[in-house]
Structure formats: structure tokens, C-alpha cells
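Colleague: Structure provided below as C-alpha cells; questions to follow.
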Amino acid sequence: MPGLEDLYKEIILDHYKNPRNRGELESPPAHKTEGFNPLCGDEVTVTFELRDDSLAELRIAGQGCSISQASASMMSAAVQGKSISEVRDLSREFKSMMSIHEESIDPKELDSASTATFQLGDLEALKGVVKFPVRIKCATLSWNTLLTGLDELEA
Amino acid sequence: MPGLEDLYKEIILDHYKNPRNRGELESPPAHKTEGFNPLCGDEVTVTFELRDDSLAELRIAGQGCSISQASASMMSAAVQGKSISEVRDLSREFKSMMSIHEESIDPKELDSASTATFQLGDLEALKGVVKFPVRIKCATLSWNTLLTGLDELEA
Amino acid sequence: MNLPSDLKEQFPLLSQVINDHQIVYLDSAASSQKPDSVIEAMNDYYRTINANVHRGAYEIAAQATEAMETSRGQIATFIGANSASEIVFTKNATESFNLVARSWGGQNLSEGDTVLITDMEHHANIVPWQILGAERGFEIRWIPLTSDGLLDLTQLDQLLDGVKMVSVTAMSNVLGTLNPVREIADRAHEAGALVTVDASQYVPHLPTDVNDLGADLMCFTGHKMCGPTGIGVLWGREEILDSMPPFLGGGEMILDVRKDGFTPNELPHKFEAGTPPIAEIIGLGAAVSFLESLGMTAIRQHEIRLTEYALNALDDRYGDELTIHGPKDASQRGGVLSIQYRDVHPHDLSQVLDQRGICIRAGHHCAKPLMRELGVGATARASLYLYNDESDIDALVDSLEPAGEMFAL
Amino acid sequence: MNLPSDLKEQFPLLSQVINDHQIVYLDSAASSQKPDSVIEAMNDYYRTINANVHRGAYEIAAQATEAMETSRGQIATFIGANSASEIVFTKNATESFNLVARSWGGQNLSEGDTVLITDMEHHANIVPWQILGAERGFEIRWIPLTSDGLLDLTQLDQLLDGVKMVSVTAMSNVLGTLNPVREIADRAHEAGALVTVDASQYVPHLPTDVNDLGADLMCFTGHKMCGPTGIGVLWGREEILDSMPPFLGGGEMILDVRKDGFTPNELPHKFEAGTPPIAEIIGLGAAVSFLESLGMTAIRQHEIRLTEYALNALDDRYGDELTIHGPKDASQRGGVLSIQYRDVHPHDLSQVLDQRGICIRAGHHCAKPLMRELGVGATARASLYLYNDESDIDALVDSLEPAGEMFAL
Ligand SMILES: Cc1ncc(COP(=O)(O)O)c(C=O)c1O
Ligand SMILES: Cc1ncc(COP(=O)(O)O)c(C=O)c1O
């Protein structure tokens with residue numbers, strides 16, 4: 001049985017207590033997407049603006065546990081300013097790290113994740129969440145919400 | 001565990017193999033009622049004619065196991081020619097004999113049954129059926145059907 | 001009368017060791033643990049008389065049928081039903097509510113009609129009405145709450161106007177609130193409405209009598225009352241159940257099937273389609289025997305004492321740093337404690353507690369409309385049952401502080 | 001490959017002594033016996049990880065959830081489903097059919113539409129359509145039988161005209177007939193209809209692959225396949241299940257509940273309202289493991305051999321005095337033998353056999369329309385499973401004669 005220190009790394013608690021890019025952009029012009037975790041009631045609101053195919057500005061609002069809040073904060077720091085395709089690659093890499101059943105992942109995704117040149121950086125700290133399967137959805141909530149937002153804009 | 005000899009008395013097999021009052025009266029003028037046992041598919045058709053408040057004529061048709069057929073045959077012999085109130089008393093007496101859970105019987109019924117002056121006669125042979133609870137409905141099917149028929153006429 | 005102090009020994013799971021700690025199980029509102037006698041009753045069934053019921057002429061089939069029907073009778077007695085045929089077996093309380101909504105509601109509710117529920121209902125007593133309501137266009141009205149987490153009945157007469165069915169929980173699974181079901185039922189009946197009671201959190205914990213409650217229909221679930229999973233109950237007054245059309249169709253629930261239609265069976269079989277959860281019914285009968293052997297009054301007294309102990313211990317230790325949703329008085333509530341400690345998120349709290357072998361539940365507890373009323377996304381809920389004791393509460397109390405140190409913002 | 005010859009030892013009930021005879025269980029078409037491994041899997045759950053699933057952050061709740069979802073995956077693999085989310089847990093096959101009729105049928109069937117079933121269906125695949133049909137006014141059409149108890153497909157194209165759903169049993173629980181499901185499915189699909197398969201008597205006895213069968217939806221039940229009572233399965237192709245509205249409403253099946261409505265959850269949870277039959281799901285997983293350890297092909301071979309042995313032994317001994325409904329060839333049928341011996345009534349026959357510890361079933365087997373086609377009120381049905389052997393057949397054969405002497409008219 002993994003210990004709490006695997007889950008609650010110092011950097012995670014730091015992002016939880018001092019969340020980056022907190023708030024909501026005015027929408028429109030920003031795009032706004034809400035996500036929620038039906039199991040536990042966590043809610044997240046992602047607002048962002050695209051400029052030249054890049055995530056120029058992004059803000060996070062909502063409520064949730066330390067993992068969901070820290071993950072959202074880390075994500076915001078990691079994706080701000082990146083191009084959409086970089087964001088998608090990064091999200092694949094992150095979600096593959098968050099996957100307990102690697103075999104159930106789309107092989108195409110794994111492939112591109114393993115050849116991705118990105119560094120997860122701070123996000124690596126969330127690796128320990130995989131050992132606590134019920135918390136995985138907390139960590140992926142903000143990413144899935146952002147991806148939904150990007151899909152909505154591209155659709 | 002009771003043995004087969006408790007169930008299949010000689011007189012029962014005799015009624016089964018040589019059923020009395022078998023057939024159907026023309027209806028109308030006769031009254032006709034069908035009954036069935038949902039558990040096992042037994043079916044019985046009772047036709048009878050009343051004259052002066054008496055069961056002047058009665059016939060039994062249908063299909064079923066030895067117990068349901070013998071019980072129907074015995075009933076036909078026992079009730080033919082009797083007055084309606086005699087038939088009702090007899091049926092109460094019979095059904096009280098067929099009851100495993102005496103406490104669940106309507107006390108009024110028990111009362112009138114125990115003070116009834118009728119003799120069950122041949123019908124007593126069916127007493128052993130009580131030891132085989134799943135067969136009780138076989139034995140009471142024809143009686144219940146006859147009672148339904150009487151109720152229909154009186155309603 | 002007190003409960004025996006060695007009760008935990010009868011519950012095999014309670015001797016588990018989790019993360020080097022003897023388990024402290026404080027999640028009985030989600031599902032209770034099972035005593036040996038319940039597990040053994042089902043084993044006995046499978047090992048000695050397993051056979052399909054109601055249709056077999058052979059010995060073990062007859063015994064299985066008798067065991068199942070004996071359970072039905074026990075459960076009828078346990079809740080003060082007038083006869084065993086008022087007890088309909090379902091798979092859980094949720095199915096019982098769907099049966100009521102689809103069968104009774106399908107027959108009686110259409111546009112212009114109203115169903116009255118409350119802001120503290122479990123999804124099981126909300127969504128079935130919403131599904132039918134979307135088809136039929138009737139209104140669902142909600143009894144609001146006071147700030148103490150009680151039902152606010154000041155406007156009840158207006159709320160009852162035009163209502164055909166009042167469906168209300170006897171005890172909240174989030175707040176612990178015990179509702180004045182009898183009062184509501186009397187006023188509902190005066191207004192011409194029927195009353196369905198959600199007794200999922202009530203039957204396991206308090207002496208229950210359907211006539212005292214004034215209920216017309218009542219739903220509860222086996223797994224919260226020391227019984228197995230896979231078994232629920234719908235009780236209804238005979239004339240009401242008799243008037244309702246069948247819900248699920250199939251074997252057992254028919255008298256006859258022809259190509260052009262079917263004739264429904266008598267109660268309770270009319271509502272029990274297909275092979276019933278035989279082992280589970282027998283297990284629930286054993287659970288009822290177990291509860292009766294302790295005495296429901298003694299169980300209730302034990303839970304009041306323990307709830308009081310918990311409320312006091314938490315208040316003594318944490319004062320204003322800690323809030324408990326719902327009524328303050330232990331005699332007005334069940335042993336369900338939704339705790340807000342500083343600003344520690346329920347998920348993080350339960351994670352820290354788990355590390356010490358303490359099982360509490362964090363989430364919306366299938367009561368999202370209530371969460372919105374409380375203005376929270378989730379609560380951390382500790383809930384008690386007959387097997388809990390002071391040591392369980394002490395473990396809970398001692399574990400909050402470290403969580404606060406870790407997570408307070 | 002043969003089955004181990006000491007298989008009976010794994011089934012505790014089969015060592016029972018009934019009326020001074022070791023039990024001879026020949027009623028597996030009604031319900032199968034359970035091996036120790038299935039009973040123990042449920043005991044383990046209750047004793048070590050019993051907790052409500054899907055919502056708990058603590059250790060045993062996570063383990064319970066994982067055990068339940070592992071079972072779902074095993075069952076998906078066992079029947080060749082494309083993913084675990086195509087497996088919906090119900091309480092029995094009957095509920096599965098009601099789900100299909102109410103949810104798919106409610107969305108797709110109205111006046112002018114037709115559902116095609118067969119003359120050999122179980123009530124579970126008749127009455128749900130009749131209930132909805134009475135509300136909606138669509139037609140139910142029946143595929144007739146040949147005198148051998150096969151489906152008469154000569155008029156299938158005409159019968160398929162205007163049909164939206166074909167719902168057919170893969171194996172009759174009365175005649176033993178194995179139906180050409182793939183052929184029917186192909187022709188149904190050509191005609192633009194979907195296909196639901198009743199695999200209640202098929203999955204327990206033959207290797208099953210939903211894609212090979214050509215099914216769109218498939219229903220089966222746990223208690224006939226060495227699993228516990230209280231658990232059934234609906235399998236469906238993902239896009240079909242996705243298109244269907246929820247059936248029962250309550251907890252688990254929602255993403256969100258607001259006062260003005262709810263948002264359904266994803267598959268398979270959308271169809272699983274309330275606390276699931278957790279122990280039963282785990283028990284069914286153990287049953288699938290048990291069946292896989294023997295091998296479904298070996299089970300099928302064993303049953304063919306034993307059915308042949310039975311058909312020959314009965315014919316040798318009784319010749320024209322005995323008729324068996326359904327196909328004569330053991331490879332065309334399952335081990336379900338509806339016997340007519342002289343004019344002994346099925347009830348009397350089963351009673352005499354019970355006296356010798358032999359369990360067979362007498363009745364209409366929840367197939368009253370079929371009984372009418374056969375022109376009988378009931379049949380005496382002996383049915384085999386993996387644990388039966390020649391000695392069971394010998395006991396059956398030897399016991400008919402005394403019954404004949406007693407009852408022949
Ligand atoms: C062919 C067939 N379909 C459906 C069923 C219904 O199964 P259950 O009673 O478990 O719902 C049965 C068994 O009773 C059956 O034999
Ligand atoms: C108040 C209340 N009602 C209904 C239910 C539903 O019970 P089940 O999930 O067993 O159907 C629950 C428990 O989850 C509950 O707490």
C-alpha cells in the first residue's frame with residue numbers, strides 16, 4: 001500500500017495552496033468550458049483565448065480536492081503560451097502517465113506520447129496518483145475539460 | 001419426509017383412473033367456469049346446473065395430475081345434488097383440511113368448518129396432500145373453480 | 001438494554017487490518033457490514049437447498065420456496081406490515097422507487113399533476129420521477145430546508161395544493177435528519193395525496209412500523225441493514241399494490257400468457273418477474289433475525305449515545321474549526337455526520353483517514369440537489385451503526401488534526 | 001478434452017442425501033448448482049472488502065470496485081464482447097429483457113411497427129413486449145415451429161416484413177432446440193431489423209461469441225451458469241446501448257442531477273441504477289473463471305455425449321412408450337429433455353422421482369404459448385449440466401417404470 005507521501009508531494013501542495021492562473025476570463029471573447037467529476041462532485045471551469053493557434057491566455061476556476069486543484073494549476077502553467085498541437089501532445093503524455101491500464105490506451109496515442117519531445121516537468125509530481133486509482137479522475141478532470149474546449153472550438 | 005403412500009392413496013388412484021362425472025354440460029343452460037394453476041399448468045372446467053338452490057348436475061373437464069383430477073372427481077361425487085349452502089360448508093371444511101398454516105385461515109371459516117356436521121367421506125383420503133405443500137393447489141383447484149362459479153351466479 | 005460489547009466479533013470484516021491499522025468502518029450509510037449469521041444463511045442455502053422456487057415439486061425446491069417465503073413473513077413482521085403479500089422483493093431501494101414511479105405514476109400522473117419531494121432526497125427518489133415526468137409533463141415540487149437541515153414545513157399546505165403523491169425520506173443520508181413523516185403523511189392524506197417513504201436509512205436504525213409512519217408505500221434496501229447486496233424491498237398497502245399495474249414482465253408474475261396477452265399473478269408475485277434473488281432474500285431474513293435479536297430499540301439507543309459522544313468529542317476538540325451539517329441534537333438525527341473541518345476538502349480528508357484504516361465517504365452521496373442547497377460540491381461523511389463504539393469515534397477525532405495541518409490553505 | 005470425473009465434489013449441494021438417496025440433480029435448466037469457488041468468492045468479498053463501490057476513496061471501497069469491474073471484464077471476454085462497457089448488470093435475464101423492451105422499444109416502437117419472436121420463447125421474452133405493446137399498439141408476430149420442435153423458417157422473409165426487432169432464444173428451455181441464430185440475424189439485418197438473443201440457456205452450455213451469433217443485444221442470467229441468484233446480464237453493441245435512453249433512474253446512472261432534470265452517465269453505468277449486486281457480480285466472475293477452467297468446448301462435448309447416452313438409454317428401455325419433445329439429434333440440441341412417458345402426468349412423475357432423490361421439473365416452464373402449441377398443460381423436464389454423469393441418467397431411466405405402474409390409466 002503506497003503512502004500519502006506518494007500522493008501529496010510538496011509541489012502538489014504548493015500548487016494547491018497557491019494556484020496559478022486562477023479565475024475566469026471574460027467570455028466571449030474567451031472560450032469557456034465546464035467539467036465535472038460525477039463520482040465526487042469536483043467541478044472545474046476552464047476559460048481560454050486562442051491567438052495564432054496558441055493558448056494565449058488561460059484561467060481556471062471551480063472547486064475540488066487538492067489533487068484536482070493542483071493538477072489544474074500545473075496544467076495552466078504548462079500549457080499557457082503553447083501551440084494547440086503542443087498542448088494536445090502534452091495532454092496525451094500526461095494522460096498516458098495517468099493510465100493504470102496501459103494496454104487499454106489507444107496504441108496511436110502511446111506512440112506519439114513516447115516519441116514526444118516534451119518534458120512533463122512539474123507535472124511528473126502527479127505520477128503517484130496512479131497508485132490511488134479513485135483519484136485519477138481528479139487529476140485528469142482539468143485536462144479533459146480543456147480538451148473538450150479545444151474540440152468545441154475546432155468542431 | 002412423508003412417503004408416496006401418504007399422497008397416492010388407493011382411492012385417489014381409483015378416482016384418477018375412473019373419474020366420476022367427467023365431461024361438460026351444455027352451457028347455457030349450464031353455468032361454466034374455468035380454473036387454472038399458474039404453477040404447473042393444470043386446467044379444470046366445471047359446468048353445473050342449479051335447480052331449487054341445489055347443484056342438480058355437475059360435470060368436470062380439463063387436464064392435470066392425479067391429485068387435481070382425483071380431487072375434482074371426488075368433489076363432483078360429493079357435491080352433486082347438495083344445496084348451495086351445503087356445498088359451501090363442505091368446501092370450507094375441505095379447504096381447512098388442506099391448509100398447512102391453520103393460523104392464517106379466517107377464524108370465521110375455521111369455526112364454521114369445525115362445527116359443520118358434514119362428513120368429508122372419501123375426500124379425507126386427500127388429507128396426505130398437506131404434507132406435500134406444492135401439491136395443495138392441485139387438490140384445491142376444482143373446489144376454487146366451483147366456488148368462483150357459484151359466486152359468479154350469485155353476484 | 002445495551003448492545004453486547006463484543007458485537008464486532010460477529011462481523012468478519014471488522015477484524016481486517018488496513019494500512020497496519022485495525023479497520024475503523026464509518027461508512028454504514030453507504031453499506032453496512034454483514035454478520036456471520038447472514039453470510040452463513042446464504043452459504044447454507046447454496047450448499048443444501050439451492051433450487052429455483054415456486055415451480056418445483058421436488059424436496060429441495062419446496063424447501064427453497066419455504067425459506068424464501070419465511071423471510072418474506074419475517075420482513076413483513078419487522079416493519080409492521082399487515083400481511084406478507086404486501087412485501088415485494090426488488091434488487092435495491094432504487095428499483096423499488098422505479099417500480100412506484102413507473103407503475104403507480106404511470107397509471108396516475110399526467111400533465112397538471114404534481115409530485116412533492118424534498119430538497120434532501122437521494123437520487124433514487126428524484127430521478128425516477130424526472131424520467132416519468134419528462135414523458136408525462138407533470139410537475140415535481142420540492143419541500144425546502146431550514147438552515148438547520150430540517151424540512152421547512154411552514155408552507156406545506158400551499159406546497160400540497162394539487163399534489164397526488166408525496167415522496168419523502170424518513171432520514172437523510174447526508175444530514176442525518178429524522179423527518180416528521182407522520183405529520184407530513186397526515187397532512188398529505190388530508191390533501192388527498194398518497195405517501196411514499198424512503199426508509200433506506202430508517203429501517204436499519206430505528207424500530208419501524210408502517211402504520212405508525214402513516215405510509216402508503218415504502219422503499220428500503222437490504223445491504224444497509226446487515227443484509228446482502230442485490231436485494232431491496234417495496235412495501236405497500238395491499239389495496240394500493242392491488243390497484244397498480246405490473247412493472248417488469250416475465251416468469252412468476254403471470255397467471256397465464258397467451259399470444260394475445262397475459263393475466264397478471266396475485267400479490268406479491270405480480271411485481272416479481274423472473275427468478276427472484278433467492279439467496280439474497282434468505283440473507284435478508286437472517287439480517288432481520290439478527291437485528292431483532294439485538295432489538296431495534298437497543299440499536300437506536302446505542303446510536304443516539306454514540307452520536308452524542310461523537311458530537312461532543314468533535315466539538316470539544318475542534319470547536320469552531322469544525323461544522324457538522326444537519327440537526328445538533330442526537331435524538332433528532334441518525335448517526336450520519338457530514339463534517340466540514342477547516343477548509344480541508346472531503347476527498348483529502350478521507351484519503352488521510354484511509355491511511356489510518358478509517359473508512360469515511362467523501363462525495364455528493366447521490367444527493368446533488370442537496371449539495372447545491374448546502375453550497376458545497378461534496379461532504380466528508382462518517383456514519384455509524386450498531387457495531388461501532390467509542391474507540392471508532394476516538395480514531396476519527398484524532399485523525400482530523402493531521403489532515404488539517406497538511407491541507408489548510 | 002474431457003471434464004474431470006470428480007467434478008461433483010466441487011459442488012457441495014450434490015453431496016446432499018434426499019429421502020435416503022444421494023441427490024440426482026436434473027433441473028439445471030431451472031437453476032444450476034454452484035461450485036465452492038463461487039460461494040467462496042462471495043464470502044471473501046463479504047469478509048474482507050465489503051463496501052459500496054465507485055464512490056469511496058478508501059482502500060476496501062477501491063478494492064470492491066476493482067473486483068466488480070474485473071468481473072465485468074471477464075464476462076465481456078467470455079462472450080466475445082468488444083469492451084467491458086458493453087456489459088450491463090441487471091438482476092436476472094428477465095430484467096435485461098424489460099430493459100431492452102422499455103428503453104429500446106420505448107424509443108423505437110409505436111403503432112404500425114412489429115416485433116418478431118418465436119413460439120418457443122420464455123415468458124421473459126414475451127411479456128415485456130406485450131406490456132409495451134399494450135401501451136403502444138405495435139404488433140407481436142411469432143415464428144412457428146415444425147413438428148420436430150425446430151423453428152419453421154420457410155416463411156421467414158414474409159414474417160420479417162416491416163419488423164424492427166427480432167427477439168429469439170438461442171436455445172429452448174423446454175425442447176432443447178438450438179436455433180440457427182446467425183442465419184436469422186443475417187436475414188433480420190438484411191430486412192433492417194435488430195436482433196436480441198435470449199442466451200439464458202446458451203451461455204451456460206456452449207462457447208459463445210456475440211459477433212459470431214450476429215446479435216445486437218443479448219440477455220442471460222447468472223444462476224443458470226454456476227453463478228449466484230440476483231444477477232443477470234445485458235450485452236449490447238456499444239452504439240446501440242449508447243443510443244438507448246436510461247431505464248431505471250437513481251444513483252450511479254447519472255453524471256449530474258439538477259432540480260430541473262438529470263444528465264445520464266456513460267456506459268455501462270447509465271443502465272445500472274442504485275447500489276449494484278456487488279457480491280453477485282463478483283460471484284458471477286468466479287463462475288466464469290470456473291467455466292473457463294473447464295473449457296466451454298469440453299463442457300459442450302460432455303453434454304452432447306451425456307444427452308446421446310440419455311436418448312439411447314431411454315429409447316432402449318421404453319421405446320414407443322416414451323416421447324421426448326424436440327430434436328432427436330444430440331448435436332442439434334442442448335441437454336434439456338422434456339419427457340412424456342405413457343400417460344403419466346409430469347407432476348406425478350416428478351413426485352415419484354423425488355422420492356428417489358431425483359430432481360426434475362414438472363410444469364409449463366414459463367413457456368405457456370409453447371405448451372399450447374405442444375397441446376399439453378405441462379411437461380416433465382430433466383436437464384443436464386457439466387456435473388451430471390451416466391449414473392444420474394441411469395437413476396432417471398430406472399425410475400420411470402415404477403411411476404408408469406402406479407399411474408398408467
Ligand atoms: C430461455 C430462458 N429465458 C429467460 C429465462 C429467465 O431467466 P431469469 O428467471 O433468471 O430472469 C429463463 C429461465 O428461467 C430461460 O430458460
Ligand atoms: C436515503 C437513501 N435512499 C435510497 C438509497 C438507494 O439505495 P440503493 O442504492 O440500495 O438502491 C440510499 C442509499 O444509497 C439512500 O441513502
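Residues in the C-alpha cells are numbered from 1 in each chain, the chains being A, B, ... in the order shown, and ligands are numbered from 1 in the order shown.
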Find the residues near Arg237 of chain D: any atom within 7 Å, counting only C-alpha atoms, skip ones fewer than 5 places away on the same chain, and give them as a ChimeraX atom specification.

Modeller: /D:86,216-217

Colleague: Around ligand 2, which protein and nucleic acid residues have at least one atom no more than 10 Å from it, if we count only C-alpha atoms and all ligand atoms? List them as a count of residues only.

Modeller: 58

Colleague: In Å, with one decimal, what is the gap from atom CA of Val17 of chain C to atom CA of Cys65 of chain A?

Modeller: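 Taking atom CA of Val17 of chain C and atom CA of Cys65 of chain A, their separation equals 26.8 Å.
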
Colleague: Could you please determine the separation between atom CA of Ala395 of chain C and atom CA of Gln16 of chain C in Å, to one decimal place?

Modeller: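 A separation of 15.7 Å between them.
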
Colleague: List every residue of chain B that has an atom at most 8 Å from any atom of chain D, and for each one report the closest atom pair and its distance in Å to one decimal, counting only C-alpha atoms, with rows sorted by chain and then by increasing residue number, as JSON lines.

Modeller:
{"residue": "B:Met1", "atom": "CA", "partner": "D:Asn19", "partner_atom": "CA", "distance": 6.9}
{"residue": "B:Gly3", "atom": "CA", "partner": "D:Gln355", "partner_atom": "CA", "distance": 7.3}
{"residue": "B:Leu4", "atom": "CA", "partner": "D:Val352", "partner_atom": "CA", "distance": 7.2}
{"residue": "B:Leu13", "atom": "CA", "partner": "D:Phe407", "partner_atom": "CA", "distance": 7.4}
{"residue": "B:Lys17", "atom": "CA", "partner": "D:Leu409", "partner_atom": "CA", "distance": 5.4}
{"residue": "B:Leu39", "atom": "CA", "partner": "D:Gly363", "partner_atom": "CA", "distance": 6.7}
{"residue": "B:Cys40", "atom": "CA", "partner": "D:Gly363", "partner_atom": "CA", "distance": 4.1}
{"residue": "B:Gly41", "atom": "CA", "partner": "D:Gly377", "partner_atom": "CA", "distance": 4.9}
{"residue": "B:Asp42", "atom": "CA", "partner": "D:Gly377", "partner_atom": "CA", "distance": 6.1}
{"residue": "B:Glu43", "atom": "CA", "partner": "D:Gly377", "partner_atom": "CA", "distance": 7.5}
{"residue": "B:Gln63", "atom": "CA", "partner": "D:Gly377", "partner_atom": "CA", "distance": 7.1}
{"residue": "B:Gly64", "atom": "CA", "partner": "D:His345", "partner_atom": "CA", "distance": 7.0}
{"residue": "B:Cys65", "atom": "CA", "partner": "D:His345", "partner_atom": "CA", "distance": 5.2}
{"residue": "B:Ser66", "atom": "CA", "partner": "D:Asp348", "partner_atom": "CA", "distance": 6.7}

Colleague: Please, which residues of segment 175-226 of chain D, numbered as in this document, come out strand (DSSP E or B) from DSSP, as a ChimeraX atom specification?

Modeller: /D:177-178,194-198,217-221

Colleague: Per DSSP on the backbone, what are the alpha helix (DSSP H) residues of chain B, as a VMD selection string?

Modeller: chain B and resid 4 to 7 10 to 17 66 to 79 84 to 97 107 to 115 136 to 154

Colleague: Between atom CA of Tyr58 of chain D and atom CA of Leu353 of chain C, measure the distance and give it in Å to one decimal.

Modeller: 8.2 Å

Colleague: What lies within 7 Å of segment 325-330 of chain C using only C-alpha atoms, ignoring chain neighbours under 2 positions off, as a ChimeraX atom specification?

Modeller: /C:148-149,175-177,304,307-308,323,332-333,338-339

Colleague: Using only C-alpha atoms and all ligand atoms for the distances, tell me which of C:Asp398, C:His54, C:Leu150, C:Ser331 is nearest to ligand 1.

Modeller: C:His54

Colleague: When you look at Ser85 of chain A with a cut-off of 9 Å (counting only C-alpha atoms), what residues show up, excluding the ones that are within fewer than 3 positions of it in the same chain? I need them as a ChimeraX atom specification.

Modeller: /A:53-54,82,88-90

Colleague: Pick from D:Trp235, D:Phe138, D:Tyr309, D:Tyr46: nearest to chain C, with only C-alpha atoms counted?

Modeller: D:Tyr46

Colleague: For Pro29 of chain B, list every protein, DNA or RNA residue within 10 Å, evaluated using only C-alpha atoms, and leave out those in the same chain fewer than 6 positions away; present the list as a list in words.

Modeller: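 So the residues in contact are Thr47, Phe48, Glu49 and Leu50 of chain B.
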
Colleague: Near Leu25 of chain B, counting only C-alpha atoms, which residues have an atom at most 8 Å away, once you skip same-chain residues fewer than 2 positions from it, shown as a list in words?

Modeller: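 That gives Gly23, Ser27, Ala30, Thr47, Phe48, Leu58 and Arg59 of chain B.
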
Colleague: Show me, as number ranges by chain, the residues that have an atom within 12 Å of Asp27 of chain D when counting only C-alpha atoms, minus same-chain residues fewer than 5 positions from it.

Modeller: C: 50-53, 55-58, 60-61; D: 32-33, 173-174, 224, 335-338, 350, 354, 358-362, 365, 380-385, 387-388, 392

Colleague: Find, counting only C-alpha atoms and all ligand atoms, the residue in C:Met253, C:Leu13, C:Leu194, C:Val288 that gets nearest to ligand 1.

Modeller: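 Of C:Met253, C:Leu13, C:Leu194, C:Val288, the one nearest ligand 1, counting only C-alpha atoms and all ligand atoms, is C:Met253.
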